[in-house]
file target.tsv (TSV, C-alpha atoms)
chain	number	residue	atom	x	y	z
A	162	ARG	CA	87.63	106.40	106.26
A	163	GLN	CA	87.48	109.46	104.03
A	164	SER	CA	88.01	111.77	107.00
A	165	ALA	CA	91.06	109.78	108.09
A	166	ARG	CA	92.55	110.02	104.63
A	167	HIS	CA	92.33	113.79	104.69
A	168	ALA	CA	93.26	114.25	108.34
A	169	SER	CA	97.01	114.23	107.61
A	170	ARG	CA	96.55	117.46	105.68
A	171	GLU	CA	95.44	119.41	108.75
A	172	PRO	CA	98.19	122.00	109.38
A	173	SER	CA	99.62	122.90	112.77
A	174	ALA	CA	98.81	126.24	114.42
A	175	HIS	CA	102.24	127.57	113.38
A	176	THR	CA	101.70	126.48	109.79
A	177	LEU	CA	98.26	128.10	109.71
A	178	VAL	CA	99.79	131.41	110.74
A	179	GLN	CA	102.47	130.99	108.08
A	180	MET	CA	99.85	130.24	105.42
A	181	GLU	CA	97.79	133.26	106.44
A	182	GLN	CA	100.85	135.52	106.16
A	183	VAL	CA	101.65	134.23	102.68
A	184	VAL	CA	98.08	134.67	101.40
A	185	LEU	CA	97.75	138.16	102.88
A	186	ARG	CA	101.10	139.19	101.45
A	187	HIS	CA	100.01	137.96	98.02
A	188	LEU	CA	96.71	139.84	98.22
A	189	ASN	CA	98.55	143.03	99.19
A	190	TYR	CA	100.37	142.97	95.86
A	191	HIS	CA	97.63	141.61	93.60
A	192	PRO	CA	94.07	142.89	93.02
A	193	LEU	CA	92.40	139.54	93.65
A	194	GLU	CA	89.31	138.81	95.71
A	195	TYR	CA	90.03	136.40	98.55
A	196	SER	CA	88.83	132.85	98.02
A	197	ARG	CA	89.09	129.79	100.25
A	198	GLY	CA	90.54	128.02	97.25
A	199	MET	CA	93.62	130.23	97.49
A	200	VAL	CA	94.36	128.69	100.89
A	201	HIS	CA	93.77	125.18	99.58
A	202	LEU	CA	96.29	125.82	96.79
A	203	LEU	CA	98.83	126.81	99.39
A	204	GLY	CA	98.20	123.75	101.56
A	205	PRO	CA	100.24	121.18	99.57
A	206	LEU	CA	103.17	123.59	99.26
A	207	VAL	CA	103.71	123.76	103.02
A	208	HIS	CA	104.62	120.07	102.87
A	209	VAL	CA	107.37	120.79	100.32
A	210	TYR	CA	108.94	124.13	101.31
A	211	SER	CA	110.43	124.72	104.73
A	212	THR	CA	110.74	128.52	104.86
A	213	GLU	CA	108.11	131.20	104.45
A	214	ARG	CA	110.25	132.87	101.78
A	215	GLU	CA	110.37	129.72	99.64
A	216	LEU	CA	106.70	129.14	100.22
A	217	TYR	CA	105.77	132.66	99.17
A	218	TYR	CA	107.74	132.68	95.92
A	219	CYS	CA	106.46	129.27	94.87
A	220	TYR	CA	102.91	130.36	95.68
A	221	GLU	CA	103.40	133.56	93.67
A	222	ALA	CA	104.63	131.58	90.69
A	223	LEU	CA	101.77	129.10	90.93
A	224	LEU	CA	99.05	131.74	91.09
A	225	GLY	CA	100.71	133.68	88.29
A	226	ARG	CA	100.34	130.69	86.00
A	227	MET	CA	96.72	130.27	87.06
A	228	SER	CA	95.56	133.88	86.81
A	229	ALA	CA	93.01	133.21	84.05
A	230	ARG	CA	91.22	130.70	86.28
A	231	PHE	CA	90.43	133.29	88.93
A	232	SER	CA	88.29	135.53	86.73
A	233	GLU	CA	84.59	134.78	86.42
A	234	GLU	CA	84.92	134.70	82.64
A	235	GLY	CA	87.87	132.31	82.77
A	236	CYS	CA	86.12	129.97	85.18
A	237	THR	CA	82.94	129.97	83.09
A	238	ARG	CA	84.94	129.10	79.99
A	239	LEU	CA	86.59	126.17	81.78
A	240	VAL	CA	83.23	124.85	83.04
A	241	VAL	CA	81.56	125.07	79.61
A	242	MET	CA	84.48	123.30	77.93
A	243	PHE	CA	84.55	120.61	80.60
A	244	ASN	CA	80.81	119.91	80.42
A	245	THR	CA	81.04	119.49	76.64
A	246	MET	CA	83.78	116.90	77.09
A	247	PHE	CA	82.00	115.26	80.05
A	248	LYS	CA	78.83	114.77	78.01
A	249	HIS	CA	80.81	113.21	75.14
A	250	THR	CA	83.23	110.99	77.06
A	251	LEU	CA	81.01	109.80	79.93
A	252	PRO	CA	77.42	110.04	78.68
A	253	GLU	CA	76.00	107.53	81.17
A	254	LEU	CA	77.45	109.35	84.18
A	255	TYR	CA	76.53	112.73	82.72
A	256	ARG	CA	72.88	111.65	82.39
A	257	TYR	CA	72.93	110.14	85.88
A	258	PHE	CA	74.14	113.43	87.34
A	259	GLU	CA	71.29	115.16	85.48
A	260	ASP	CA	68.75	112.62	86.77
A	261	GLU	CA	70.02	113.11	90.33
A	262	ALA	CA	69.94	116.91	89.87
A	263	VAL	CA	73.63	117.18	90.84
A	264	ASP	CA	74.53	120.86	90.72
A	265	ALA	CA	77.88	121.21	88.94
A	266	GLY	CA	78.41	124.50	90.75
A	267	GLU	CA	78.83	122.58	93.99
A	268	TRP	CA	81.95	120.74	92.84
A	269	LEU	CA	83.17	121.53	89.33
A	270	PRO	CA	84.52	125.11	89.69
A	271	SER	CA	86.66	124.00	92.64
A	272	TRP	CA	88.00	121.00	90.73
A	273	LEU	CA	88.95	123.09	87.71
A	274	ARG	CA	90.16	126.31	89.34
A	275	PHE	CA	92.09	124.92	92.27
A	276	LEU	CA	93.63	121.80	90.74
A	277	LEU	CA	91.93	119.35	93.13
A	278	SER	CA	93.89	120.86	96.03
A	279	ARG	CA	90.87	120.55	98.32
A	280	GLU	CA	89.51	117.22	97.14
A	281	LEU	CA	92.43	114.80	96.75
A	282	PRO	CA	94.37	113.20	99.61
A	283	LEU	CA	97.80	114.75	100.00
A	284	GLN	CA	99.97	111.99	98.50
A	285	SER	CA	97.77	111.70	95.42
A	286	LEU	CA	97.76	115.47	95.03
A	287	LEU	CA	101.54	115.86	95.34
A	288	ARG	CA	102.09	113.16	92.72
A	289	LEU	CA	99.67	114.91	90.36
A	290	TRP	CA	101.28	118.32	90.83
A	291	ASP	CA	104.75	116.81	90.31
A	292	VAL	CA	103.61	115.77	86.84
A	293	TYR	CA	102.13	119.20	86.06
A	294	PHE	CA	105.34	120.98	87.01
A	295	ALA	CA	107.41	118.42	85.09
A	296	LEU	CA	105.34	119.16	81.97
A	297	GLU	CA	106.27	122.81	82.33
A	298	GLN	CA	109.97	122.00	82.55
A	299	ASP	CA	110.18	119.39	79.76
A	300	GLY	CA	111.84	121.90	77.46
A	301	THR	CA	109.34	121.62	74.61
A	302	GLY	CA	107.48	124.83	75.35
A	303	THR	CA	104.44	123.31	73.65
A	304	ARG	CA	102.04	123.06	76.58
A	305	GLU	CA	100.82	125.16	79.45
A	306	PRO	CA	101.48	123.07	82.58
A	307	PHE	CA	97.82	122.70	83.51
A	308	ASP	CA	96.43	121.88	80.06
A	309	LEU	CA	96.13	118.24	81.11
A	310	HIS	CA	94.06	119.06	84.19
A	311	PRO	CA	90.52	118.92	82.70
A	312	PHE	CA	91.34	115.46	81.34
A	313	VAL	CA	92.62	114.37	84.75
A	314	CYS	CA	89.25	115.43	86.18
A	315	LEU	CA	87.46	113.38	83.54
A	316	ALA	CA	89.73	110.43	84.26
A	317	ILE	CA	88.87	110.59	87.96
A	318	LEU	CA	85.17	110.53	87.10
A	319	GLN	CA	85.67	107.61	84.72
A	320	LEU	CA	87.64	105.60	87.26
A	321	SER	CA	85.05	106.38	89.97
A	322	ILE	CA	81.98	105.69	87.85
A	323	GLU	CA	80.96	102.45	89.58
A	324	ASP	CA	80.98	104.15	92.98
A	325	LEU	CA	79.21	107.27	91.73
A	326	LEU	CA	76.37	105.36	90.06
A	327	GLU	CA	75.51	103.83	93.44
A	328	LEU	CA	75.11	107.21	95.19
A	329	ASP	CA	72.30	109.74	95.42
A	330	ASN	CA	72.56	113.52	95.01
A	331	ALA	CA	73.99	114.49	98.41
A	332	GLU	CA	76.31	111.48	98.51
A	333	ILE	CA	77.68	112.30	95.07
A	334	VAL	CA	78.49	115.88	96.04
A	335	TRP	CA	80.17	114.69	99.24
A	336	TYR	CA	82.20	112.06	97.38
A	337	LEU	CA	83.36	114.59	94.79
A	338	GLY	CA	84.52	116.87	97.59
A	339	HIS	CA	86.39	114.11	99.46
A	340	LEU	CA	88.01	111.89	96.86
A	341	PRO	CA	89.68	108.62	97.91
A	342	HIS	CA	93.35	107.88	97.37
A	343	MET	CA	93.93	107.16	93.69
A	344	GLU	CA	96.77	105.54	91.77
A	345	MET	CA	97.84	108.66	89.93
A	346	ASN	CA	99.87	106.90	87.23
A	347	HIS	CA	96.68	105.12	86.20
A	348	VAL	CA	94.71	108.39	86.39
A	349	LEU	CA	97.29	110.17	84.23
A	350	THR	CA	97.35	107.39	81.61
A	351	THR	CA	93.55	107.49	81.46
A	352	ALA	CA	93.63	111.29	81.20
A	353	ARG	CA	95.97	111.19	78.21
A	354	ASN	CA	93.77	108.60	76.49
A	355	ILE	CA	90.71	110.79	77.04
A	356	ARG	CA	92.60	113.81	75.67
A	357	ASP	CA	93.51	111.85	72.52
A	358	ASP	CA	89.84	110.86	72.09
A	359	VAL	CA	88.62	114.44	72.55
A	360	VAL	CA	91.20	115.82	70.11
A	361	GLY	CA	90.35	113.08	67.60
A	362	CYS	CA	86.67	114.08	67.76
A	363	ASN	CA	87.51	117.80	67.32
A	364	LEU	CA	85.80	118.74	70.58
A	365	LEU	CA	88.48	121.32	71.40

call {"tool": "encode", "arguments": {"input": "target.tsv", "output": "structure tokens"}}
result
Amino acid sequence: RQSARHASREPSAHTLVQMEQVVLRHLNYHPLEYSRGMVHLLGPLVHVYSTERELYYCYEALLGRMSARFSEEGCTRLVVMFNTMFKHTLPELYRYFEDEAVDAGEWLPSWLRFLLSRELPLQSLLRLWDVYFALEQDGTGTREPFDLHPFVCLAILQLSIEDLLELDNAEIVWYLGHLPHMEMNHVLTTARNIRDDVVGCNLL
């Protein structure tokens, strides 16, 4: 069932060529090391923009906003911050992951750096990104558009806890890499509640 949910995201041969051109063009202008995650970030955009020009400029803007996530230092900082919040907000699941020797490096950097672009089914992902981009355009200027993302990740774990506690090490890693369809309004409400809790406890 998981494979079927993600199958609709498989691009056509023409789209693959288009994606490759966009990524290569970006790398020609920016001193970044190629990562598979860069392609995954592009994947949802091909379902929104019809021309390569539109696709390229949106991709440029997206990666520009995410530049800090691509450095080793930036990624490490995100992971450390997330694990602190994970341990506080979901202690039972955190301990279970430790007991099962789940390696955070197998799933967490991708979740945090690439905005769940590899893990979520397309419709869930597009809904989530719509909210992120709306936050950027709300006119307040008070938040970076992806500030909510770590809390969305925690919300997904919280809402999946019953499933995850039934799985062993390898099954957990596979599940975290192939998330089911989720009701994103519920995820986002949960994420905001977690953020309020974390801020109230001075964890940030």

call {"tool": "residues_around", "arguments": {"input": "target.tsv", "residues": "His191 (chain A)", "least_positions_apart": "3", "cutoff": "12 Å", "atoms": "all atoms listed in the file", "output": "compact mmCIF listing (two decimals) with C-alpha atoms, in the frame of the given file"}}
result
# COMPACT_ATOMS: atom_id res chain seq x y z
CA VAL A 184 98.08 134.67 101.40
CA LEU A 185 97.75 138.16 102.88
CA ARG A 186 101.10 139.19 101.45
CA HIS A 187 100.01 137.96 98.02
CA LEU A 188 96.71 139.84 98.22
CA GLU A 194 89.31 138.81 95.71
CA TYR A 195 90.03 136.40 98.55
CA GLU A 221 103.40 133.56 93.67
CA LEU A 224 99.05 131.74 91.09
CA GLY A 225 100.71 133.68 88.29
CA SER A 228 95.56 133.88 86.81
CA PHE A 231 90.43 133.29 88.93

call {"tool": "closest_atom_pairs", "arguments": {"input": "target.tsv", "of": "region 182-242 of chain A", "to": "region 258-274 of chain A", "cutoff": "9 Å", "atoms": "only C-alpha atoms", "output": "CSV"}}
result
residue,atom,partner,partner_atom,distance
A:Gly198,CA,A:Ser271,CA,7.2
A:Met227,CA,A:Arg274,CA,8.0
A:Arg230,CA,A:Arg274,CA,5.5
A:Phe231,CA,A:Arg274,CA,7.0
A:Cys236,CA,A:Pro270,CA,6.8
A:Thr237,CA,A:Pro270,CA,8.3
A:Leu239,CA,A:Leu273,CA,7.1
A:Val240,CA,A:Pro270,CA,6.8

call {"tool": "closest_residue", "arguments": {"input": "target.tsv", "among": "A:Leu349, A:Pro311, A:Leu193, A:Leu203", "to": "Arg238 (chain A)", "atoms": "all atoms listed in the file"}}
result
A:Pro311

call {"tool": "atom_distance", "arguments": {"input": "target.tsv", "atom1": "CA of Leu202 (chain A)", "atom2": "CA of Ser278 (chain A)"}}
result
5.6 Å

call {"tool": "atom_distance", "arguments": {"input": "target.tsv", "atom1": "CA of Leu318 (chain A)", "atom2": "CA of Met242 (chain A)"}}
result
15.7 Å
